[in-house]
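The structure appears right after this line, and notes come after that.
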Amino acid sequence: PLVLHVLGARPNFVKAAPVVRALGELGVRQGIIHTGQHYDALMSDVFFADLGLPEPVANLGVGSGTHAKQTAALLVGLEEVVLEHAPDLVVVYGDVNSTLAAILVCAKLGVRTAHVEAGLRSFDRGMPEEVNRIVTDSLSDLLFATSPDALSHLAAEGVPASKVHLVGNPMIDSLFAALPSLDPAPVVARLGAPERYAVATLHRPANVDSPEAAAELVSAVLEVSRQIPLVVPIHPRGRARLAEAGLVDGPSVQVVDPLGYVDFLSLVRGAALVVTDSGGVQEETTMLGVPCLTVRPNTERPVTITHGTNRLVTPALLPAAAEKALADGASTPSGELPPLWDGAAGPRIARVISAWLKGDNLSP
Ligand code: UD1
Ligand code: UDP
């Protein structure tokens, strides 16, 4: 049997690496299809290198565009490649447009699918990712959940429990694997950052696409930079808009290119505070015990609040929240990580997939 992994964007690479490794250890034949949704070296190649991911068997080079144009290019490219390779299972990850397109293509071609990171819900359909999650989960044959809340969301949407496996979080597997190489000193030295600093990453459309939202956010972020120097590795999506709003290099703000996986997490590990709107970064700060302020009205990752270091803030409340977080330091309410965030999600997923390929629908 052949398993294909469809990957397109930065967070996909991080989630897939442990699954690919574990399936390899079980001797499963597999290949990666890179859709090319992310294509800059710092958004793609660096992750393959840092995570030890094998070369893709194909890169569809779909690139950027409006949702319709990008999704259309993904559908056309993926249909061709799935027909060509005739996989027994296609594995998709997270909530990006490449994930949605792969699920639609496979559903129409009658190819079985597995969704890693199933059941997360922000209950905010204004987020493109929420639409992608709902459609992907409704069409997947195997659903791998990273946290218990996902199980009730899927049940409420009528997904049969027999399809769903609570396996833990493969993004955290990648973090566990990288942990021994996470050293803030070299990246701090290379960037010329001070010893005590905060990190900010901002790329959600609701925060960076309109001049009004960008202005409100940037003014709050600049206020934080008066409390603590900020390093801002900037996603290409927000670069121009946030710069227009005033987020530019200055004495207390360093705006830098996106960082590679190991460099980024090293920087986060040494940070006094993280300000973000990323999904994955909410989880990584929880695991690393670094206080995290998420500038969003909601999160599809509530375990990072109940078990972790995450707090939701509005731009208006960000400066005061930062002051408090810096005074309090890291504090995790339960003192323990969410269930099964133990670095072994990849092997659990691989065991279910391997048994399923043998026609044996076992629990993990
Ligand atoms: C996508 C995901 C989002 C995820 C993010 C991770 C969707 C709908 N959104 O958002 O959920 O959090 O990836 O990083 O799939 N660009 C470049 N170089 C690149 C890639 C993108 O310059 O290598 C720029 C282009 O101007 C592009 C813009 O970034 O138009 C947005 O890229 P796109 O892949 O459409 O969405 P993201 O904002 O990256
Ligand atoms: N990341 C990185 N370099 C950066 C910013 C993020 O390596 O400059 C990593 C981050 O640690 C996480 C992943 O990229 O593993 C998350 O991607 P992103 O925030 O782009 O997407 P989201 O999780 O919001 O979908």
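Identifiers in this document derive from the order of the structure tokens: chains are assigned A, B, ..., residues are numbered from 1 separately in each chain, and ligands are numbered from 1 in order of occurrence.
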
Residues at most 10 Å from ligand 2, using only C-alpha atoms and all ligand atoms? Could they come as a compact mmCIF listing (two decimals) with C-alpha atoms, in the first residue's frame?
```
# COMPACT_ATOMS: atom_id res chain seq x y z
CA ALA A 9 2.20 25.47 4.34
CA ARG A 10 4.69 26.00 7.17
CA PRO A 11 2.59 24.44 9.96
CA ASN A 12 1.89 21.34 7.81
CA PHE A 13 5.58 20.48 7.66
CA VAL A 14 5.94 20.62 11.44
CA LYS A 15 2.89 18.37 11.99
CA HIS A 38 4.30 28.20 0.68
CA LEU A 42 12.28 30.49 4.67
CA MET A 43 8.65 29.33 4.56
CA SER A 44 9.36 25.88 3.15
CA VAL A 46 14.22 25.40 5.85
CA PHE A 47 11.51 23.21 7.45
CA ASP A 50 15.32 21.30 10.11
CA GLY A 94 -4.29 21.11 9.99
CA ASP A 95 -6.54 23.67 8.37
CA VAL A 96 -4.85 25.35 5.40
CA GLU A 129 -9.29 27.97 8.58
CA MET A 171 3.44 19.36 16.55
CA ILE A 172 4.60 18.69 20.11
CA SER A 174 8.47 17.84 16.58
CA LEU A 175 9.14 20.18 19.48
CA VAL A 199 8.92 37.71 20.41
CA ALA A 200 5.90 38.65 18.29
CA THR A 201 4.45 36.79 15.27
CA LEU A 202 1.38 38.17 13.52
CA HIS A 203 -0.22 36.96 10.30
CA ARG A 204 -3.97 36.31 10.74
CA VAL A 232 9.31 40.24 15.22
CA PRO A 233 9.98 37.49 12.63
CA ILE A 234 7.48 38.62 10.07
CA HIS A 235 5.29 36.36 7.90
CA PRO A 236 5.27 37.63 4.30
CA ARG A 237 1.50 38.10 4.44
CA VAL A 256 13.33 40.24 10.77
CA ASP A 257 12.65 37.67 8.05
CA PRO A 258 10.73 34.52 9.02
CA LEU A 259 13.05 32.23 10.97
CA GLY A 260 13.74 28.56 10.42
CA TYR A 261 12.08 26.11 12.79
CA VAL A 262 15.05 25.55 15.12
CA ASP A 263 16.03 29.24 15.17
CA PHE A 264 12.47 30.33 15.84
CA LEU A 265 11.86 27.92 18.70
CA SER A 266 15.27 28.73 20.16
CA LEU A 267 14.30 32.39 20.18
CA VAL A 268 10.93 31.54 21.77
CA THR A 276 1.10 35.93 18.60
CA ASP A 277 -1.94 35.11 16.52
CA SER A 278 -0.51 31.80 15.30
CA GLY A 279 -2.17 28.47 16.06
CA GLY A 280 0.98 26.43 16.50
CA VAL A 281 2.82 29.02 18.56
CA GLN A 282 0.05 28.89 21.22
CA GLU A 283 0.85 25.19 21.61
CA GLU A 284 4.63 25.53 21.53
CA THR A 285 4.69 28.24 24.22
```

Next on the checklist: Using only C-alpha atoms, which protein or nucleic acid residues come within 12 Å of Val92 of chain A? Drop anything in the same chain fewer than 4 positions from it, and give the result as a ChimeraX atom specification.
Outcome noted: /A:3-9,11-13,15-16,19-20,32-35,96-106,112-118,132-133,136-137,139-144

Residues as selected, C-alpha atoms, written as an mmCIF file, in the first residue's frame, can you do that?
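And here is the file that came out, result17.cif:
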```cif
data_model
loop_
_atom_site.group_PDB
_atom_site.id
_atom_site.type_symbol
_atom_site.label_atom_id
_atom_site.label_comp_id
_atom_site.auth_asym_id
_atom_site.auth_seq_id
_atom_site.Cartn_x
_atom_site.Cartn_y
_atom_site.Cartn_z
ATOM 1 C CA VAL A 3 0.397 6.569 1.673
ATOM 2 C CA LEU A 4 0.674 10.122 0.327
ATOM 3 C CA HIS A 5 0.996 13.140 2.607
ATOM 4 C CA VAL A 6 -0.298 16.409 1.138
ATOM 5 C CA LEU A 7 1.623 19.363 2.575
ATOM 6 C CA GLY A 8 1.578 22.990 1.550
ATOM 7 C CA ALA A 9 2.200 25.474 4.339
ATOM 8 C CA PRO A 11 2.586 24.440 9.958
ATOM 9 C CA ASN A 12 1.888 21.338 7.809
ATOM 10 C CA PHE A 13 5.582 20.482 7.657
ATOM 11 C CA LYS A 15 2.885 18.366 11.995
ATOM 12 C CA ALA A 16 3.787 15.824 9.306
ATOM 13 C CA VAL A 19 4.048 10.948 11.272
ATOM 14 C CA VAL A 20 6.313 10.424 8.249
ATOM 15 C CA ILE A 32 5.096 13.721 0.199
ATOM 16 C CA ILE A 33 3.184 15.896 -2.260
ATOM 17 C CA HIS A 34 4.182 19.540 -1.750
ATOM 18 C CA THR A 35 1.454 21.781 -3.128
ATOM 19 C CA VAL A 96 -4.854 25.347 5.401
ATOM 20 C CA ASN A 97 -6.209 25.607 1.858
ATOM 21 C CA SER A 98 -3.982 22.717 0.715
ATOM 22 C CA THR A 99 -5.708 20.518 3.328
ATOM 23 C CA LEU A 100 -9.189 21.473 2.130
ATOM 24 C CA ALA A 101 -8.334 20.934 -1.534
ATOM 25 C CA ALA A 102 -6.768 17.532 -0.927
ATOM 26 C CA ILE A 103 -9.833 16.319 0.987
ATOM 27 C CA LEU A 104 -12.218 17.481 -1.745
ATOM 28 C CA VAL A 105 -10.166 15.880 -4.507
ATOM 29 C CA CYS A 106 -9.890 12.572 -2.672
ATOM 30 C CA ARG A 112 -9.462 7.283 1.469
ATOM 31 C CA THR A 113 -8.167 10.077 3.691
ATOM 32 C CA ALA A 114 -6.884 10.756 7.175
ATOM 33 C CA HIS A 115 -6.940 14.170 8.859
ATOM 34 C CA VAL A 116 -4.305 14.957 11.458
ATOM 35 C CA GLU A 117 -5.449 17.661 13.922
ATOM 36 C CA ALA A 118 -9.156 16.937 13.503
ATOM 37 C CA ASN A 132 -11.418 24.331 6.054
ATOM 38 C CA ARG A 133 -11.618 22.400 9.341
ATOM 39 C CA THR A 136 -12.105 18.480 6.041
ATOM 40 C CA ASP A 137 -13.484 16.694 9.098
ATOM 41 C CA LEU A 139 -15.102 14.205 4.529
ATOM 42 C CA SER A 140 -12.236 12.369 6.279
ATOM 43 C CA ASP A 141 -12.262 8.599 6.791
ATOM 44 C CA LEU A 142 -9.832 8.637 9.726
ATOM 45 C CA LEU A 143 -9.659 11.554 12.137
ATOM 46 C CA PHE A 144 -6.741 12.112 14.498
#
```

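Of the listed residues (A:Val275, A:Ala243, A:Leu230, A:Met127), A:Met127 comes nearest to ligand 1; the distances count only C-alpha atoms and all ligand atoms.
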
Next on the checklist: I want to know what sits within 9 Å of Ala215 of chain A, based on only C-alpha atoms, with residues of the same chain fewer than 3 positions away left out; could you give that as a ChimeraX atom specification?
Outcome noted: /A:208,210-212,218-220,241-242,244-246

Next on the checklist: At a cut-off of 12 Å, using only C-alpha atoms, what residues contact Leu83 of chain A? Leave out same-chain residues fewer than 5 positions from it and give the result as a list in words.
Outcome noted: Leu4, Val76, Gly77, Leu78, Asp88, Val90, Val105, Cys106, Lys108, Leu109, Gly110 and Val111 of chain A

Selection export as a PDB file, in the first residue's frame, atoms kept: C-alpha atoms:
```pdb
ATOM      1  CA  LEU A   4       0.674  10.122   0.327  1.00  0.00           C
ATOM      2  CA  VAL A  76      -6.488  20.805 -10.490  1.00  0.00           C
ATOM      3  CA  GLY A  77      -2.931  19.963  -9.459  1.00  0.00           C
ATOM      4  CA  LEU A  78      -3.920  17.521  -6.736  1.00  0.00           C
ATOM      5  CA  ASP A  88      -4.346   3.819  -0.734  1.00  0.00           C
ATOM      6  CA  VAL A  90      -3.937  10.404   1.619  1.00  0.00           C
ATOM      7  CA  VAL A 105     -10.166  15.880  -4.507  1.00  0.00           C
ATOM      8  CA  CYS A 106      -9.890  12.572  -2.672  1.00  0.00           C
ATOM      9  CA  LYS A 108     -14.542  12.899  -5.387  1.00  0.00           C
ATOM     10  CA  LEU A 109     -12.001  10.323  -6.568  1.00  0.00           C
ATOM     11  CA  GLY A 110     -13.012   7.825  -3.879  1.00  0.00           C
ATOM     12  CA  VAL A 111      -9.550   7.845  -2.309  1.00  0.00           C
TER      13      VAL A 111
END
```

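The list of residues with at least one atom within 12 Å of Pro148 of chain A, based on only C-alpha atoms and without residues fewer than 5 positions apart in the same chain, reads Glu117, Ala118, Gly119, Leu120, His153, Leu154, Ala155, Val164, His165, Leu166, Val167, Gly168, Asn169, Arg301, Pro302, Val303, Pro338, Pro339, Leu340 and Trp341 of chain A.
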
Item to check | Proximity to ligand 1 - best of A:Arg190, A:Arg239, A:Lys324, A:Lys358, only C-alpha atoms and all ligand atoms | outcome: A:Arg239

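Restricting the calculation to only C-alpha atoms and all ligand atoms, the smallest distance between ligand 1 and any of A:Ala240, A:Val224, A:Ala350, A:Ala86 is found for A:Ala240.
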
Spatial neighbours of Gly289 of chain A, 12 Å, only C-alpha atoms, chain gap at least 5 places, as a PDB file with N, CA and C atoms, in the first residue's frame:
```
ATOM      1  N   VAL A 268      12.097  31.606  20.880  1.00  0.00           N
ATOM      2  CA  VAL A 268      10.929  31.544  21.765  1.00  0.00           C
ATOM      3  C   VAL A 268      11.322  30.987  23.131  1.00  0.00           C
ATOM      4  N   ARG A 269      12.168  29.977  23.125  1.00  0.00           N
ATOM      5  CA  ARG A 269      12.572  29.355  24.387  1.00  0.00           C
ATOM      6  C   ARG A 269      13.237  30.366  25.321  1.00  0.00           C
ATOM      7  N   GLY A 270      13.987  31.305  24.732  1.00  0.00           N
ATOM      8  CA  GLY A 270      14.700  32.289  25.552  1.00  0.00           C
ATOM      9  C   GLY A 270      13.901  33.561  25.816  1.00  0.00           C
ATOM     10  N   ALA A 271      12.665  33.624  25.295  1.00  0.00           N
ATOM     11  CA  ALA A 271      11.894  34.867  25.393  1.00  0.00           C
ATOM     12  C   ALA A 271      11.195  34.987  26.743  1.00  0.00           C
ATOM     13  N   ALA A 272      11.026  36.230  27.211  1.00  0.00           N
ATOM     14  CA  ALA A 272      10.273  36.469  28.441  1.00  0.00           C
ATOM     15  C   ALA A 272       8.773  36.439  28.171  1.00  0.00           C
ATOM     16  N   LEU A 273       8.406  36.649  26.899  1.00  0.00           N
ATOM     17  CA  LEU A 273       6.993  36.746  26.540  1.00  0.00           C
ATOM     18  C   LEU A 273       6.865  36.541  25.037  1.00  0.00           C
ATOM     19  N   VAL A 274       5.753  35.917  24.615  1.00  0.00           N
ATOM     20  CA  VAL A 274       5.438  35.810  23.190  1.00  0.00           C
ATOM     21  C   VAL A 274       4.075  36.447  22.947  1.00  0.00           C
ATOM     22  N   VAL A 281       1.989  28.365  17.539  1.00  0.00           N
ATOM     23  CA  VAL A 281       2.816  29.020  18.562  1.00  0.00           C
ATOM     24  C   VAL A 281       2.121  29.011  19.930  1.00  0.00           C
ATOM     25  N   GLN A 282       0.776  29.021  19.943  1.00  0.00           N
ATOM     26  CA  GLN A 282       0.050  28.895  21.217  1.00  0.00           C
ATOM     27  C   GLN A 282       0.404  27.567  21.896  1.00  0.00           C
ATOM     28  N   GLU A 283       0.547  26.528  21.065  1.00  0.00           N
ATOM     29  CA  GLU A 283       0.849  25.195  21.614  1.00  0.00           C
ATOM     30  C   GLU A 283       2.307  25.091  22.044  1.00  0.00           C
ATOM     31  N   GLU A 284       3.191  25.647  21.235  1.00  0.00           N
ATOM     32  CA  GLU A 284       4.626  25.532  21.525  1.00  0.00           C
ATOM     33  C   GLU A 284       5.006  26.298  22.785  1.00  0.00           C
ATOM     34  N   THR A 304      -4.547  25.245  25.519  1.00  0.00           N
ATOM     35  CA  THR A 304      -3.383  26.087  25.784  1.00  0.00           C
ATOM     36  C   THR A 304      -3.695  27.145  26.840  1.00  0.00           C
ATOM     37  N   ILE A 305      -4.990  27.359  27.095  1.00  0.00           N
ATOM     38  CA  ILE A 305      -5.398  28.271  28.171  1.00  0.00           C
ATOM     39  C   ILE A 305      -5.618  27.483  29.470  1.00  0.00           C
ATOM     40  N   HIS A 307      -4.573  24.408  30.276  1.00  0.00           N
ATOM     41  CA  HIS A 307      -3.398  23.668  30.737  1.00  0.00           C
ATOM     42  C   HIS A 307      -2.101  24.452  30.563  1.00  0.00           C
ATOM     43  N   GLY A 308      -2.166  25.537  29.785  1.00  0.00           N
ATOM     44  CA  GLY A 308      -0.903  26.143  29.357  1.00  0.00           C
ATOM     45  C   GLY A 308      -0.725  27.590  29.752  1.00  0.00           C
ATOM     46  N   THR A 309       0.098  28.273  28.961  1.00  0.00           N
ATOM     47  CA  THR A 309       0.532  29.629  29.306  1.00  0.00           C
ATOM     48  C   THR A 309      -0.208  30.688  28.500  1.00  0.00           C
ATOM     49  N   ASN A 310      -1.218  30.283  27.739  1.00  0.00           N
ATOM     50  CA  ASN A 310      -1.847  31.177  26.770  1.00  0.00           C
ATOM     51  C   ASN A 310      -2.970  32.023  27.384  1.00  0.00           C
ATOM     52  N   GLY A 329       5.644  36.138  35.140  1.00  0.00           N
ATOM     53  CA  GLY A 329       6.451  35.058  34.574  1.00  0.00           C
ATOM     54  C   GLY A 329       5.546  33.923  34.142  1.00  0.00           C
ATOM     55  N   ALA A 330       6.144  32.776  33.835  1.00  0.00           N
ATOM     56  CA  ALA A 330       5.344  31.658  33.338  1.00  0.00           C
ATOM     57  C   ALA A 330       4.573  31.028  34.476  1.00  0.00           C
ATOM     58  N   SER A 331       3.286  30.796  34.241  1.00  0.00           N
ATOM     59  CA  SER A 331       2.546  30.017  35.227  1.00  0.00           C
ATOM     60  C   SER A 331       1.524  29.196  34.480  1.00  0.00           C
ATOM     61  N   THR A 332       1.507  27.906  34.741  1.00  0.00           N
ATOM     62  CA  THR A 332       0.553  27.042  34.046  1.00  0.00           C
ATOM     63  C   THR A 332      -0.468  26.582  35.071  1.00  0.00           C
ATOM     64  N   PRO A 333      -1.762  26.765  34.755  1.00  0.00           N
ATOM     65  CA  PRO A 333      -2.804  26.500  35.747  1.00  0.00           C
ATOM     66  C   PRO A 333      -2.767  25.075  36.301  1.00  0.00           C
ATOM     67  N   SER A 334      -2.559  24.086  35.461  1.00  0.00           N
ATOM     68  CA  SER A 334      -2.649  22.716  35.964  1.00  0.00           C
ATOM     69  C   SER A 334      -1.269  22.168  36.301  1.00  0.00           C
ATOM     70  N   GLY A 335      -0.229  22.879  35.852  1.00  0.00           N
ATOM     71  CA  GLY A 335       1.127  22.381  36.103  1.00  0.00           C
ATOM     72  C   GLY A 335       1.484  21.190  35.243  1.00  0.00           C
ATOM     73  N   GLU A 336       0.583  20.782  34.373  1.00  0.00           N
ATOM     74  CA  GLU A 336       0.941  19.686  33.474  1.00  0.00           C
ATOM     75  C   GLU A 336       0.470  19.985  32.061  1.00  0.00           C
ATOM     76  N   LEU A 337       1.086  19.301  31.110  1.00  0.00           N
ATOM     77  CA  LEU A 337       0.731  19.519  29.709  1.00  0.00           C
ATOM     78  C   LEU A 337      -0.609  18.866  29.405  1.00  0.00           C
TER      79      LEU A 337
END
```

Item to check | Pick from A:Ala345, A:Val91, A:Leu357, A:Leu191, whichever lies nearest to Ser147 of chain A using only C-alpha atoms | outcome: A:Ala345

Next on the checklist: Give me the residues near Asp124 of chain A as a list in words, where near means some atom within 12 Å (using only C-alpha atoms) and where sequence neighbours in that chain fewer than 2 positions away do not count.
Outcome noted: Leu120, Arg121, Ser122, Gly126, Met127, Pro128, Glu129, Glu130, Val131, Asn132, Arg133, Ile134, Ala206, Arg296, Pro297, Asn298, Thr299 and Glu300 of chain A

How would the residues just picked look written out with C-alpha atoms as a PDB file, in the first residue's frame?
```pdb
ATOM      1  CA  LEU A 120     -10.396  21.853  16.482  1.00  0.00           C
ATOM      2  CA  ARG A 121     -13.029  24.592  16.388  1.00  0.00           C
ATOM      3  CA  SER A 122     -12.846  28.326  16.973  1.00  0.00           C
ATOM      4  CA  GLY A 126     -15.032  34.364   9.591  1.00  0.00           C
ATOM      5  CA  MET A 127     -11.706  32.515   9.776  1.00  0.00           C
ATOM      6  CA  PRO A 128     -10.871  30.741   6.505  1.00  0.00           C
ATOM      7  CA  GLU A 129      -9.291  27.971   8.580  1.00  0.00           C
ATOM      8  CA  GLU A 130     -12.587  27.227  10.384  1.00  0.00           C
ATOM      9  CA  VAL A 131     -14.315  26.578   7.062  1.00  0.00           C
ATOM     10  CA  ASN A 132     -11.418  24.331   6.054  1.00  0.00           C
ATOM     11  CA  ARG A 133     -11.618  22.400   9.341  1.00  0.00           C
ATOM     12  CA  ILE A 134     -15.354  21.745   9.111  1.00  0.00           C
ATOM     13  CA  ALA A 206      -8.283  39.625  10.648  1.00  0.00           C
ATOM     14  CA  ARG A 296      -7.520  37.003  18.832  1.00  0.00           C
ATOM     15  CA  PRO A 297     -11.132  36.975  20.046  1.00  0.00           C
ATOM     16  CA  ASN A 298     -11.134  33.150  20.211  1.00  0.00           C
ATOM     17  CA  THR A 299      -8.930  30.093  19.957  1.00  0.00           C
ATOM     18  CA  GLU A 300      -9.476  26.618  18.531  1.00  0.00           C
TER      19      GLU A 300
END
```

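Computed from the coordinates, the atom CA of Leu217 of chain A to atom CA of Asp249 of chain A distance equals 16.0 Å.
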
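Of all the residues in segment 239-334 of chain A, the ones DSSP labels as strand (DSSP E or B) from the backbone are Gly250, Val253, Gln254, Val255, Val256, Leu273, Val274, Val275, Thr276, Cys292, Leu293, Thr294, Asn310, Arg311 and Leu312 of chain A.
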
Item to check | Counting only C-alpha atoms, the option among A:Val159, A:Ser354, A:Glu195, A:Leu51 closest to Ser181 of chain A | outcome: A:Leu51

Next on the checklist: Given only C-alpha atoms and all ligand atoms as the basis, pick out the residue of A:Tyr39, A:Trp356, A:Phe176, A:Phe123 nearest to ligand 1.
Outcome noted: A:Tyr39
